[in-house]
$ cat upload-v4.cif   # mmCIF, C-alpha atoms
data_model
loop_
_atom_site.label_atom_id
_atom_site.label_comp_id
_atom_site.auth_asym_id
_atom_site.auth_seq_id
_atom_site.Cartn_x
_atom_site.Cartn_y
_atom_site.Cartn_z
CA MET A 124 0.00 0.00 0.00
CA ASP A 125 1.15 3.54 -0.75
CA VAL A 126 2.24 5.63 2.18
CA ARG A 127 -0.40 8.22 3.00
CA THR A 128 0.84 11.69 3.82
CA CYS A 129 -0.50 14.46 6.01
CA LEU A 130 0.71 18.05 6.08
CA ILE A 131 0.21 19.79 9.41
CA VAL A 132 0.01 23.56 9.03
CA ASP A 133 0.15 25.52 12.28
CA ASP A 134 2.30 28.35 13.59
CA SER A 135 2.53 26.69 16.99
CA ARG A 136 5.35 24.17 17.21
CA ILE A 137 3.64 22.54 20.18
CA ILE A 138 0.35 22.02 18.35
CA ARG A 139 2.26 20.59 15.38
CA LYS A 140 4.06 18.20 17.70
CA VAL A 141 0.86 17.04 19.42
CA ALA A 142 -1.00 16.65 16.12
CA ARG A 143 1.95 14.86 14.52
CA ARG A 144 1.99 12.20 17.22
CA ILE A 145 -1.75 11.53 16.77
CA VAL A 146 -1.70 11.54 12.97
CA GLU A 147 1.36 9.28 12.82
CA GLY A 148 -0.61 6.95 15.07
CA LEU A 149 -3.24 6.78 12.32
CA GLY A 150 -0.57 5.49 9.94
CA PHE A 151 0.37 8.70 8.12
CA GLU A 152 3.73 10.09 7.15
CA VAL A 153 3.70 13.65 8.47
CA ASP A 154 5.28 16.89 7.28
CA GLU A 155 4.93 20.30 8.86
CA ALA A 156 4.52 23.89 7.72
CA ALA A 157 4.35 27.00 9.91
CA ASP A 158 2.22 29.21 7.65
CA GLY A 159 0.16 29.25 4.47
CA ILE A 160 3.03 30.22 2.16
CA GLU A 161 5.21 27.36 3.39
CA ALA A 162 2.25 25.03 3.02
CA LEU A 163 1.54 26.19 -0.55
CA SER A 164 5.11 25.70 -1.67
CA TYR A 165 5.07 22.21 -0.12
CA CYS A 166 1.84 21.38 -1.99
CA THR A 167 3.15 22.57 -5.37
CA GLY A 168 5.97 20.05 -4.92
CA MET A 169 3.77 17.16 -3.78
CA MET A 170 0.09 17.06 -2.82
CA PRO A 171 -0.45 15.42 0.57
CA ASP A 172 -3.50 13.19 1.12
CA VAL A 173 -4.66 15.22 4.11
CA VAL A 174 -3.99 18.76 5.30
CA LEU A 175 -4.60 19.67 8.93
CA LEU A 176 -4.93 23.42 8.81
CA ASP A 177 -4.83 26.16 11.43
CA TRP A 178 -6.73 29.39 10.72
CA ASN A 179 -4.78 32.27 12.28
CA MET A 180 -1.17 32.24 11.15
CA PRO A 181 1.32 34.94 10.16
CA VAL A 182 2.23 35.59 6.48
CA MET A 183 -0.75 33.68 5.01
CA ASP A 184 -3.66 32.43 7.08
CA GLY A 185 -5.46 29.13 6.71
CA LEU A 186 -8.44 30.44 4.78
CA ALA A 187 -6.26 32.22 2.20
CA PHE A 188 -4.16 29.07 1.85
CA LEU A 189 -7.24 26.91 1.36
CA ARG A 190 -8.67 29.16 -1.37
CA ARG A 191 -5.31 29.17 -3.19
CA LEU A 192 -4.93 25.40 -2.77
CA ARG A 193 -8.32 24.64 -4.27
CA THR A 194 -7.47 26.61 -7.44
CA THR A 195 -4.04 24.95 -7.78
CA PRO A 196 -3.83 22.02 -10.25
CA GLY A 197 -4.47 18.84 -8.20
CA GLY A 198 -5.40 20.99 -5.21
CA ASP A 199 -8.90 19.56 -5.08
CA LYS A 200 -7.50 16.16 -4.06
CA PRO A 201 -6.30 16.62 -0.46
CA LYS A 202 -8.82 16.26 2.33
CA VAL A 203 -8.53 19.49 4.27
CA LEU A 204 -9.45 19.57 7.94
CA PHE A 205 -9.55 23.00 9.48
CA CYS A 206 -8.27 22.81 13.01
CA THR A 207 -8.68 26.01 14.99
CA ILE A 208 -9.91 27.71 18.14
CA GLU A 209 -12.70 29.44 16.21
CA THR A 210 -16.05 27.98 17.33
CA ALA A 211 -18.58 30.48 15.98
CA PRO A 212 -20.99 28.69 13.61
CA GLU A 213 -20.60 31.39 10.94
CA ARG A 214 -16.82 30.97 10.94
CA ILE A 215 -17.16 27.19 10.70
CA ALA A 216 -19.61 27.61 7.82
CA GLU A 217 -17.19 30.04 6.13
CA ALA A 218 -14.38 27.50 6.32
CA LEU A 219 -16.55 24.71 4.94
CA SER A 220 -17.80 26.84 2.06
CA ALA A 221 -14.20 27.77 1.21
CA GLY A 222 -13.60 24.07 0.52
CA ALA A 223 -12.67 22.48 3.84
CA ASP A 224 -13.81 18.85 4.09
CA ASP A 225 -14.31 19.08 7.83
CA TYR A 226 -13.58 21.26 10.81
CA VAL A 227 -11.99 20.50 14.17
CA MET A 228 -12.44 22.84 17.12
CA LYS A 229 -9.39 23.09 19.39
CA PRO A 230 -8.67 21.62 21.81
CA PHE A 231 -8.90 18.19 20.21
CA ASP A 232 -7.78 14.71 21.21
CA SER A 233 -6.82 11.57 19.34
CA GLU A 234 -10.36 10.20 19.40
CA ILE A 235 -11.72 13.32 17.74
CA LEU A 236 -9.03 13.36 15.06
CA HIS A 237 -9.50 9.66 14.42
CA SER A 238 -13.24 10.06 13.97
CA LYS A 239 -12.81 13.16 11.77
CA PHE A 240 -10.30 11.31 9.57
CA SER A 241 -12.76 8.41 9.18
CA GLU A 242 -15.73 10.65 8.44
CA VAL A 243 -13.89 12.25 5.50
CA GLY A 244 -12.71 8.83 4.34
CA ALA A 245 -9.01 9.42 5.03
CA VAL A 246 -8.63 6.25 7.13
CA MET B 60 -11.91 0.08 49.04
CA ILE B 61 -11.76 -3.26 50.80
CA GLN B 62 -12.26 -6.51 48.90
CA ASP B 63 -15.47 -7.30 50.76
CA ASP B 64 -17.07 -4.02 49.65
CA PHE B 65 -16.04 -4.72 46.08
CA ASP B 66 -17.49 -8.24 46.21
CA ARG B 67 -20.79 -6.79 47.38
CA LEU B 68 -20.69 -4.18 44.62
CA GLN B 69 -20.15 -6.95 42.08
CA ALA B 70 -23.17 -8.82 43.44
CA LEU B 71 -25.29 -5.65 43.42
CA MET B 72 -24.36 -4.87 39.80
CA ALA B 73 -25.06 -8.43 38.69
CA SER B 74 -28.43 -8.77 40.42
CA ARG B 75 -29.92 -5.34 39.68
CA ALA B 76 -28.30 -4.42 36.39
CA GLY B 77 -27.04 -7.74 35.04
CA PHE B 78 -23.71 -5.93 34.72
CA ARG B 79 -20.45 -7.80 35.07
CA LEU B 80 -18.11 -5.65 37.16
CA GLY B 81 -14.71 -7.19 36.44
CA ARG B 82 -12.08 -7.78 39.13
CA ASP B 83 -9.85 -5.25 37.41
CA ARG B 84 -12.39 -2.47 37.99
CA ILE B 85 -11.78 -1.97 41.69
CA HIS B 86 -9.82 1.28 41.29
CA LEU B 87 -12.24 2.52 38.66
CA ALA B 88 -15.11 1.81 41.04
CA GLU B 89 -13.44 3.80 43.81
CA HIS B 90 -12.81 6.67 41.41
CA ARG B 91 -16.39 6.71 40.06
CA LEU B 92 -18.01 6.43 43.50
CA ALA B 93 -16.08 9.34 45.08
CA PRO B 94 -18.32 12.04 43.54
CA VAL B 95 -21.43 10.01 44.42
CA ALA B 96 -20.33 9.87 48.06
CA ARG B 97 -19.74 13.64 48.08
CA ARG B 98 -23.08 14.35 46.43
CA GLU B 99 -24.93 12.10 48.87
CA GLY B 100 -23.26 13.76 51.86
CA PHE B 101 -20.87 11.01 52.98
CA ASP B 102 -17.31 11.62 54.16
CA SER B 103 -15.91 8.80 52.05
CA VAL B 104 -16.79 5.98 49.67
CA ASP B 105 -16.26 3.51 52.52
CA ASP B 106 -18.79 5.36 54.69
CA MET B 107 -21.31 5.42 51.88
CA LEU B 108 -20.99 1.70 51.21
CA ALA B 109 -21.17 0.85 54.93
CA SER B 110 -24.42 2.80 55.12
CA LEU B 111 -25.76 1.14 51.97
CA TRP B 112 -25.07 -2.38 53.26
CA ALA B 113 -26.53 -1.58 56.71
CA LYS B 114 -29.67 0.10 55.40
CA PRO B 115 -30.26 -0.51 51.71
CA VAL B 116 -31.92 2.66 50.43
CA ALA B 117 -33.14 2.25 46.87
CA SER B 118 -32.17 5.75 45.71
CA LEU B 119 -28.61 5.40 47.03
CA GLY B 120 -28.34 1.90 45.61
CA TRP B 121 -29.28 3.14 42.15
CA ALA B 122 -26.95 6.13 42.40
CA VAL B 123 -24.13 3.66 43.04
CA ILE B 124 -25.21 1.35 40.22
CA GLU B 125 -25.52 4.22 37.73
CA ALA B 126 -22.01 5.43 38.55
CA LEU B 127 -20.54 1.99 37.82
CA LEU B 128 -22.19 1.42 34.44
CA ASN B 129 -20.09 2.09 31.36
CA PRO B 130 -21.41 5.26 29.67
CA GLU B 131 -18.81 5.23 26.87
CA THR B 132 -20.40 6.16 23.54
CA TRP B 133 -20.07 8.61 20.70
CA PHE B 134 -21.96 9.90 17.69
CA ARG B 135 -22.24 7.47 14.79
CA ARG B 136 -20.21 4.84 16.66
CA ASP B 137 -19.35 2.08 14.11
CA ARG B 138 -20.64 4.51 11.53
CA THR B 139 -21.44 1.86 8.87
CA VAL B 140 -24.49 0.96 10.95
CA PHE B 141 -25.98 4.42 10.56
CA ASP B 142 -25.46 4.41 6.80
CA THR B 143 -27.09 0.96 6.58
CA PHE B 144 -29.95 2.23 8.74
CA ALA B 145 -30.63 5.33 6.62
CA ARG B 146 -29.98 3.91 3.14
CA GLU B 147 -31.25 0.34 3.45
CA LEU B 148 -33.32 -0.41 6.53
CA LEU B 149 -35.44 2.74 6.67
CA PRO B 150 -36.61 2.69 3.04
CA ALA B 151 -37.20 -1.08 3.03
CA ILE B 152 -39.21 -1.11 6.25
CA ALA B 153 -41.09 2.12 5.48
CA ARG B 154 -42.39 0.60 2.22
CA ALA B 155 -44.01 -2.21 4.20
CA ARG B 156 -45.62 -0.03 6.90
CA PRO B 157 -48.77 2.11 7.03
CA GLU B 158 -47.79 5.73 6.33
CA GLY B 159 -44.21 4.53 6.19
CA LEU B 160 -43.86 4.77 9.97
CA VAL B 161 -40.72 3.05 11.27
CA ARG B 162 -40.42 2.47 15.02
CA VAL B 163 -36.94 2.30 16.49
CA TRP B 164 -35.72 1.47 20.00
CA SER B 165 -32.27 2.52 21.14
CA ALA B 166 -31.83 0.20 24.14
CA GLY B 167 -29.00 1.31 26.40
CA CYS B 168 -28.68 4.76 24.84
CA SER B 169 -26.33 6.27 27.46
CA HIS B 170 -26.10 10.05 26.92
CA GLY B 171 -28.14 10.00 23.72
CA GLN B 172 -25.52 10.06 20.97
CA GLU B 173 -26.92 6.88 19.40
CA PRO B 174 -30.62 7.87 19.22
CA TYR B 175 -29.73 11.36 17.99
CA SER B 176 -27.47 9.85 15.31
CA LEU B 177 -30.43 7.70 14.21
CA ALA B 178 -32.77 10.70 14.29
CA MET B 179 -30.42 12.84 12.18
CA ALA B 180 -30.05 10.01 9.65
CA GLY B 181 -33.84 9.56 9.50
CA LEU B 182 -34.70 13.26 9.31
CA GLU B 183 -32.10 13.84 6.60
CA VAL B 184 -33.76 11.30 4.28
CA GLY B 185 -37.24 12.60 5.20
CA ALA B 186 -38.29 9.32 6.84
CA ASN B 187 -41.27 8.97 9.17
CA VAL B 188 -39.40 7.55 12.13
CA GLU B 189 -40.28 7.26 15.80
CA ILE B 190 -37.36 6.74 18.16
CA VAL B 191 -37.59 5.57 21.76
CA ALA B 192 -34.34 5.73 23.73
CA THR B 193 -33.93 3.99 27.06
CA ASP B 194 -31.17 3.51 29.57
CA LEU B 195 -30.87 2.06 33.04
CA SER B 196 -29.30 5.28 34.28
CA GLN B 197 -31.69 8.12 35.12
CA ARG B 198 -28.80 10.59 34.95
CA ALA B 199 -27.90 9.37 31.47
CA ILE B 200 -31.53 9.78 30.38
CA GLU B 201 -31.62 13.32 31.72
CA ARG B 202 -28.43 14.18 29.84
CA GLY B 203 -29.84 12.68 26.68
CA ARG B 204 -33.07 14.58 27.02
CA ALA B 205 -31.17 17.86 27.49
CA GLY B 206 -29.25 17.09 24.29
CA SER B 207 -26.27 19.15 25.45
CA TYR B 208 -22.74 18.05 24.55
CA THR B 209 -19.25 19.37 25.21
CA ALA B 210 -16.99 20.33 22.30
CA PHE B 211 -15.19 17.00 22.78
CA GLU B 212 -18.40 14.96 22.72
CA ILE B 213 -20.00 16.78 19.79
CA GLN B 214 -16.89 16.37 17.61
CA ARG B 215 -16.48 12.67 18.26
CA GLY B 216 -18.20 11.12 15.27
CA LEU B 217 -19.98 14.16 13.86
CA GLN B 218 -18.83 16.16 10.87
CA ALA B 219 -18.86 19.91 11.39
CA GLN B 220 -21.59 20.40 8.78
CA THR B 221 -23.85 17.88 10.53
CA MET B 222 -23.13 19.60 13.84
CA LEU B 223 -24.11 22.99 12.37
CA ASN B 224 -27.27 21.52 10.85
CA TRP B 225 -28.56 20.00 14.07
CA PHE B 226 -26.95 21.75 17.05
CA ASP B 227 -26.73 25.31 18.38
CA PRO B 228 -23.81 26.63 20.43
CA ALA B 229 -24.67 27.60 24.01
CA ASP B 230 -21.94 28.69 26.44
CA ASP B 231 -19.40 25.87 26.38
CA ALA B 232 -21.79 23.32 24.91
CA TRP B 233 -23.63 22.38 21.74
CA VAL B 234 -27.35 21.77 22.20
CA ALA B 235 -29.59 19.71 19.93
CA LYS B 236 -32.08 21.87 18.03
CA PRO B 237 -35.77 21.47 18.96
CA ALA B 238 -36.57 19.47 15.79
CA LEU B 239 -33.88 16.92 16.69
CA ARG B 240 -34.84 16.71 20.36
CA ALA B 241 -38.49 16.22 19.38
CA ALA B 242 -37.54 13.18 17.29
CA VAL B 243 -36.38 11.13 20.29
CA ARG B 244 -38.41 10.09 23.32
CA PHE B 245 -36.24 9.22 26.34
CA ALA B 246 -37.35 6.92 29.17
CA ARG B 247 -35.65 4.94 31.93
CA HIS B 248 -35.80 1.18 31.46
CA ASN B 249 -34.06 -1.85 32.90
CA LEU B 250 -33.39 -4.49 30.25
CA LEU B 251 -33.72 -7.17 32.93
CA ASP B 252 -37.41 -6.28 33.37
CA ALA B 253 -39.92 -8.17 31.27
CA PRO B 254 -41.78 -6.00 28.73
CA ALA B 255 -44.59 -4.26 30.64
CA ASP B 256 -46.60 -3.24 27.58
CA ALA B 257 -47.22 -4.37 24.03
CA ALA B 258 -44.99 -1.82 22.27
CA ARG B 259 -43.13 -3.41 19.35
CA PHE B 260 -40.33 -2.08 17.20
CA ASP B 261 -39.12 -2.48 13.64
CA VAL B 262 -35.47 -1.87 14.54
CA ILE B 263 -33.86 -2.39 17.93
CA LEU B 264 -30.31 -1.29 18.68
CA CYS B 265 -28.68 -2.79 21.76
CA ARG B 266 -25.01 -2.15 21.17
CA ASN B 267 -22.11 -2.94 23.47
CA ILE B 268 -24.49 -3.82 26.31
CA LEU B 269 -24.63 -7.61 26.16
CA SER B 270 -20.85 -7.94 26.05
CA GLU B 271 -20.66 -6.19 29.42
CA MET B 272 -23.38 -8.30 31.00
CA ASP B 273 -23.20 -11.25 33.31
CA PRO B 274 -23.42 -14.24 30.90
CA ALA B 275 -26.17 -15.75 33.07
CA ARG B 276 -28.40 -12.73 32.36
CA ARG B 277 -27.80 -12.31 28.66
CA GLY B 278 -30.33 -14.89 27.53
CA GLN B 279 -33.09 -13.20 29.49
CA VAL B 280 -32.25 -9.81 27.95
CA VAL B 281 -32.12 -11.23 24.42
CA ASP B 282 -35.54 -12.86 25.00
CA GLY B 283 -36.93 -9.48 26.02
CA LEU B 284 -35.54 -7.88 22.85
CA GLU B 285 -37.00 -10.70 20.76
CA ARG B 286 -40.48 -10.12 22.22
CA ARG B 287 -40.21 -6.39 21.48
CA LEU B 288 -39.14 -6.90 17.87
CA VAL B 289 -41.68 -7.41 15.06
CA ASP B 290 -41.20 -10.63 13.09
CA ASP B 291 -39.64 -8.88 10.10
CA GLY B 292 -37.63 -6.48 12.26
CA VAL B 293 -33.88 -6.08 12.64
CA LEU B 294 -31.79 -6.29 15.81
CA ILE B 295 -28.51 -4.38 15.80
CA LEU B 296 -25.75 -5.28 18.24
CA GLY B 297 -22.24 -3.87 18.59
CA ALA B 298 -20.05 -4.58 15.55
CA ASP B 299 -18.21 -7.46 17.23
CA GLU B 300 -20.91 -8.80 19.52
CA ARG B 301 -22.26 -12.34 19.12
CA ILE B 302 -25.32 -13.96 20.65
CA ASP B 303 -25.21 -17.49 19.26
CA ALA B 304 -24.40 -18.81 22.75
CA ASP B 305 -27.36 -17.01 24.29
CA THR B 306 -30.26 -17.68 21.94
CA VAL B 307 -31.56 -19.58 18.96
CA ALA B 308 -34.12 -16.83 18.29
CA PHE B 309 -31.84 -14.76 16.04
CA ARG B 310 -29.52 -15.37 13.15
CA PRO B 311 -26.84 -12.98 11.89
CA VAL B 312 -27.34 -11.23 8.55
CA THR B 313 -24.55 -12.33 6.21
CA GLY B 314 -22.14 -9.56 5.31
CA ARG B 315 -23.72 -7.07 7.71
CA LYS B 316 -21.69 -6.86 10.91
CA GLY B 317 -23.88 -6.58 14.00
CA LEU B 318 -27.20 -7.09 12.22
CA PHE B 319 -29.53 -9.92 13.26
CA VAL B 320 -32.99 -11.05 12.16
CA LYS B 321 -35.36 -13.53 13.78
CA ALA B 322 -34.66 -17.17 13.04
CA PRO B 323 -37.60 -18.98 11.35
CA SER B 324 -38.27 -20.96 14.56
CA ALA B 325 -38.81 -17.73 16.51
CA LEU B 326 -41.49 -16.27 14.26
CA SER B 327 -44.86 -16.01 15.97
CA ARG B 328 -47.54 -18.27 14.50
CA ALA B 329 -50.29 -15.65 14.31
CA ALA B 330 -52.00 -17.37 11.38
#

$ encode --input "upload-v4.cif" --output "C-alpha cells"
Amino acid sequence: MDVRTCLIVDDSRIIRKVARRIVEGLGFEVDEAADGIEALSYCTGMMPDVVLLDWNMPVMDGLAFLRRLRTTPGGDKPKVLFCTIETAPERIAEALSAGADDYVMKPFDSEILHSKFSEVGAV
Amino acid sequence: MIQDDFDRLQALMASRAGFRLGRDRIHLAEHRLAPVARREGFDSVDDMLASLWAKPVASLGWAVIEALLNPETWFRRDRTVFDTFARELLPAIARARPEGLVRVWSAGCSHGQEPYSLAMAGLEVGANVEIVATDLSQRAIERGRAGSYTAFEIQRGLQAQTMLNWFDPADDAWVAKPALRAAVRFARHNLLDAPADAARFDVILCRNILSEMDPARRGQVVDGLERRLVDDGVLILGADERIDADTVAFRPVTGRKGLFVKAPSALSRAA
C-alpha cells in the first residue's frame, strides 16, 4: 500500500508536535509547515493526502491558503481539515464553504481526530 | 476500598443491572463512586458503602449502580451501521408499513448520541421515524433529554456540517435543536425487566451492552428484545458482539456486521 501523507500547518510548534503524534498513530507520514506560504510551496511540490490546517497564522492564514490550494492544479485532491480555536458557527460555515472537508475545534484529542479522519474517508 | 465491599458491589451490579463488574475495575469503582459519596453527603466511599449495606436505600443503591455502568459512547459509533440504517433499513421497512412509519428502539442509549445519530439520519432522508431511547441510568436519560454536549463529545463522530445543521452553540456546549430533540423520546428502562406493555419495534439497537453483562443474564435480555421486535424487524448489536451462545431466536445477517434477524423458529404463529 502507498504511504499516505499528512501536512500539518500551524504556527505553533507545540500544536504541530501534538497533532503529529496523533496523525502518525493513524498510519500517516507527516510533514509540517508553519504558515500558508510554506504550506503552498510544499503542496506545489507534492500534494499530501490530508492537510490539517490552522486558521490564524502569520504571512498567510489558513483560509487564504485553502482558497489558493483549491485553485491549484491537483489541489482539489487533499482532504482538508480546518483545526482552529474558532467555534462560531458562521466561521465554521465560512471555512466549509471555502472548501474544507471538515472542521476540528481546538482543543482536540486523538479520538476526535481519528473520527474526523474516518468521516472524511481518510482512514 | 476493601475486597469485601467490592465483592458486594459486584453482586449488586449483577443482580440489579445484570452488569459484570470485572475484578480489574476496583480502582475505577473507587474513582467513580467518590463524587457520588460527596453528592450524597458522605465523608468517604467507605462510609457510603457501609451505610448502603446496613440500610439498603433504593435511591442510594441506584446512584451507586448508575455510577458503575459504562457510559462510553459517541456519535455514529461504528458509523457503517448508521449508513445501513438510513440507506437500506429505513426505506425497506417504510415501504411495508402504514404511512411509512418506522419504530426504532435505542436500548442502552447512554447520553443520547446513538438515538440522535439515528434521528439525524432519519430526518435527513425525510423518513417517518419514531425513536424511543432507554437507559438504566436516570442521569444518562436526563443528559440525553437535554441534548447538550461538550466540544469534545460533539466532535467525536460528527462532521462539522452535521453539527451545524442540528446543534446550536450555548456557552461551552452544543445543544440539539428542537426538531432533533423532538424526534427522540427518552425513558428509563431496565433491560432485565420483562416487557410491561405491548410496544413493538421495527429496529432495535442494543449495542455494546450484552458484552458487558453477566453471561447468566444475557439470555433473558435477548428474550426481552426478541419479544419487542416485530417478526420482520432487525436487531442491531455492537459490531463485534455475538449472541449465538445465548439464543436460537436470532440469526446474523450475512455480510452485515452486528445485524440480526429472527430465526424462522422464533417467528410467531399468528395465522

$ interface_residues --input "upload-v4.cif" --of "chain B" --to "chain A" --cutoff "7 Å" --atoms "all atoms listed in the file" --output "ChimeraX atom specification"
/B:211,214-216,218-219,223

$ resolve_selection --input "upload-v4.cif" --expression "the PyMOL selection byres ((chain B and resi 82) around 12)" --output "PyMOL selection string"
chain B and resi 62+65-66+68-70+79-81+83-88

$ residues_around --input "upload-v4.cif" --residues "Gly171 of chain B" --least-positions-apart "5" --cutoff "10 Å" --atoms "all atoms listed in the file" --output "PDB file with C-alpha atoms, in the coordinates of the input"
ATOM      1  CA  THR B 132     -20.400   6.160  23.540  1.00  0.00           C
ATOM      2  CA  TRP B 133     -20.070   8.610  20.700  1.00  0.00           C
ATOM      3  CA  PHE B 134     -21.960   9.900  17.690  1.00  0.00           C
ATOM      4  CA  SER B 165     -32.270   2.520  21.140  1.00  0.00           C
ATOM      5  CA  SER B 176     -27.470   9.850  15.310  1.00  0.00           C
ATOM      6  CA  ALA B 192     -34.340   5.730  23.730  1.00  0.00           C
ATOM      7  CA  THR B 193     -33.930   3.990  27.060  1.00  0.00           C
ATOM      8  CA  ASP B 194     -31.170   3.510  29.570  1.00  0.00           C
ATOM      9  CA  ALA B 199     -27.900   9.370  31.470  1.00  0.00           C
ATOM     10  CA  ILE B 200     -31.530   9.780  30.380  1.00  0.00           C
ATOM     11  CA  GLU B 201     -31.620  13.320  31.720  1.00  0.00           C
ATOM     12  CA  ARG B 202     -28.430  14.180  29.840  1.00  0.00           C
ATOM     13  CA  GLY B 203     -29.840  12.680  26.680  1.00  0.00           C
ATOM     14  CA  ARG B 204     -33.070  14.580  27.020  1.00  0.00           C
ATOM     15  CA  ALA B 205     -31.170  17.860  27.490  1.00  0.00           C
ATOM     16  CA  GLY B 206     -29.250  17.090  24.290  1.00  0.00           C
ATOM     17  CA  SER B 207     -26.270  19.150  25.450  1.00  0.00           C
ATOM     18  CA  TYR B 208     -22.740  18.050  24.550  1.00  0.00           C
ATOM     19  CA  VAL B 243     -36.380  11.130  20.290  1.00  0.00           C
ATOM     20  CA  PHE B 245     -36.240   9.220  26.340  1.00  0.00           C
TER      21      PHE B 245
END

$ residues_around --input "upload-v4.cif" --residues "segment 136-152 of chain A" --least-positions-apart "3" --cutoff "9 Å" --atoms "all atoms listed in the file" --output "PyMOL selection string"
chain A and resi 126-133+155-157+175+232-233+236-237+240+246

$ residues_around --input "upload-v4.cif" --residues "Val262 of chain B" --least-positions-apart "3" --cutoff "12 Å" --atoms "all atoms listed in the file" --output "number ranges by chain"
B: 140, 143-145, 148-149, 151-153, 160-166, 174, 177, 188-192, 259, 265, 284-285, 287-296, 318-321

$ write_last_selection --input "upload-v4.cif" --atoms "C-alpha atoms" --output "compact mmCIF listing (two decimals), in the coordinates of the input"
# COMPACT_ATOMS: atom_id res chain seq x y z
CA VAL B 140 -24.49 0.96 10.95
CA THR B 143 -27.09 0.96 6.58
CA PHE B 144 -29.95 2.23 8.74
CA ALA B 145 -30.63 5.33 6.62
CA LEU B 148 -33.32 -0.41 6.53
CA LEU B 149 -35.44 2.74 6.67
CA ALA B 151 -37.20 -1.08 3.03
CA ILE B 152 -39.21 -1.11 6.25
CA ALA B 153 -41.09 2.12 5.48
CA LEU B 160 -43.86 4.77 9.97
CA VAL B 161 -40.72 3.05 11.27
CA ARG B 162 -40.42 2.47 15.02
CA VAL B 163 -36.94 2.30 16.49
CA TRP B 164 -35.72 1.47 20.00
CA SER B 165 -32.27 2.52 21.14
CA ALA B 166 -31.83 0.20 24.14
CA PRO B 174 -30.62 7.87 19.22
CA LEU B 177 -30.43 7.70 14.21
CA VAL B 188 -39.40 7.55 12.13
CA GLU B 189 -40.28 7.26 15.80
CA ILE B 190 -37.36 6.74 18.16
CA VAL B 191 -37.59 5.57 21.76
CA ALA B 192 -34.34 5.73 23.73
CA ARG B 259 -43.13 -3.41 19.35
CA CYS B 265 -28.68 -2.79 21.76
CA LEU B 284 -35.54 -7.88 22.85
CA GLU B 285 -37.00 -10.70 20.76
CA ARG B 287 -40.21 -6.39 21.48
CA LEU B 288 -39.14 -6.90 17.87
CA VAL B 289 -41.68 -7.41 15.06
CA ASP B 290 -41.20 -10.63 13.09
CA ASP B 291 -39.64 -8.88 10.10
CA GLY B 292 -37.63 -6.48 12.26
CA VAL B 293 -33.88 -6.08 12.64
CA LEU B 294 -31.79 -6.29 15.81
CA ILE B 295 -28.51 -4.38 15.80
CA LEU B 296 -25.75 -5.28 18.24
CA LEU B 318 -27.20 -7.09 12.22
CA PHE B 319 -29.53 -9.92 13.26
CA VAL B 320 -32.99 -11.05 12.16
CA LYS B 321 -35.36 -13.53 13.78

$ atom_distance --input "upload-v4.cif" --atom1 "atom CA of Leu163 of chain A" --atom2 "atom CA of Gly244 of chain A"
23.0 Å

$ atom_distance --input "upload-v4.cif" --atom1 "atom CA of Arg67 of chain B" --atom2 "atom CA of Trp112 of chain B"
8.5 Å

$ resolve_selection --input "upload-v4.cif" --expression "the PyMOL selection byres ((chain A and resi 203) around 6)" --output "list in words"
Val173, Val174, Pro201, Lys202, Leu204, Ala223 and Asp224 of chain A

$ write_last_selection --input "upload-v4.cif" --atoms "C-alpha atoms" --output "compact mmCIF listing (two decimals), in the frame of the given file"
# COMPACT_ATOMS: atom_id res chain seq x y z
CA VAL A 173 -4.66 15.22 4.11
CA VAL A 174 -3.99 18.76 5.30
CA PRO A 201 -6.30 16.62 -0.46
CA LYS A 202 -8.82 16.26 2.33
CA LEU A 204 -9.45 19.57 7.94
CA ALA A 223 -12.67 22.48 3.84
CA ASP A 224 -13.81 18.85 4.09

$ closest_residue --input "upload-v4.cif" --among "B:Val116, B:Ala180, B:Gln172, B:Gly314" --to "Asp142 of chain B" --atoms "all atoms listed in the file"
B:Ala180

$ resolve_selection --input "upload-v4.cif" --expression "the PyMOL selection byres ((chain B and resi 301) around 10)" --output "ChimeraX atom specification"
/B:269-270,296-300,302-305,310-311,316-319

$ write_last_selection --input "upload-v4.cif" --atoms "C-alpha atoms" --output "compact mmCIF listing (two decimals), in the coordinates of the input"
# COMPACT_ATOMS: atom_id res chain seq x y z
CA LEU B 269 -24.63 -7.61 26.16
CA SER B 270 -20.85 -7.94 26.05
CA LEU B 296 -25.75 -5.28 18.24
CA GLY B 297 -22.24 -3.87 18.59
CA ALA B 298 -20.05 -4.58 15.55
CA ASP B 299 -18.21 -7.46 17.23
CA GLU B 300 -20.91 -8.80 19.52
CA ILE B 302 -25.32 -13.96 20.65
CA ASP B 303 -25.21 -17.49 19.26
CA ALA B 304 -24.40 -18.81 22.75
CA ASP B 305 -27.36 -17.01 24.29
CA ARG B 310 -29.52 -15.37 13.15
CA PRO B 311 -26.84 -12.98 11.89
CA LYS B 316 -21.69 -6.86 10.91
CA GLY B 317 -23.88 -6.58 14.00
CA LEU B 318 -27.20 -7.09 12.22
CA PHE B 319 -29.53 -9.92 13.26

$ atom_distance --input "upload-v4.cif" --atom1 "atom CA of Trp121 of chain B" --atom2 "atom CA of His170 of chain B"
17.0 Å

$ axis_aligned_box --input "upload-v4.cif" --around "segment 208-224 of chain B" --padding-each-side "5 Å" --output "JSON"
{"center_x": -21.2, "center_y": 17.1, "center_z": 17.0, "size_x": 22.1, "size_y": 21.9, "size_z": 26.4}

$ residues_around --input "upload-v4.cif" --residues "Met183 of chain A" --least-positions-apart "6" --cutoff "9 Å" --atoms "all atoms listed in the file" --output "count of residues only"
4

$ closest_residue --input "upload-v4.cif" --among "A:Cys206, A:Met169, A:Ala221, A:Ala162" --to "Val182 of chain A" --atoms "only C-alpha atoms"
A:Ala162

$ decode --input "upload-v4.cif" --residues "segment 95-107 of chain B" --atoms "C-alpha atoms" --output "compact mmCIF listing (two decimals), in the first residue's frame"
# COMPACT_ATOMS: atom_id res chain seq x y z
CA VAL B 95 -21.43 10.01 44.42
CA ALA B 96 -20.33 9.87 48.06
CA ARG B 97 -19.74 13.64 48.08
CA ARG B 98 -23.08 14.35 46.43
CA GLU B 99 -24.93 12.10 48.87
CA GLY B 100 -23.26 13.76 51.86
CA PHE B 101 -20.87 11.01 52.98
CA ASP B 102 -17.31 11.62 54.16
CA SER B 103 -15.91 8.80 52.05
CA VAL B 104 -16.79 5.98 49.67
CA ASP B 105 -16.26 3.51 52.52
CA ASP B 106 -18.79 5.36 54.69
CA MET B 107 -21.31 5.42 51.88
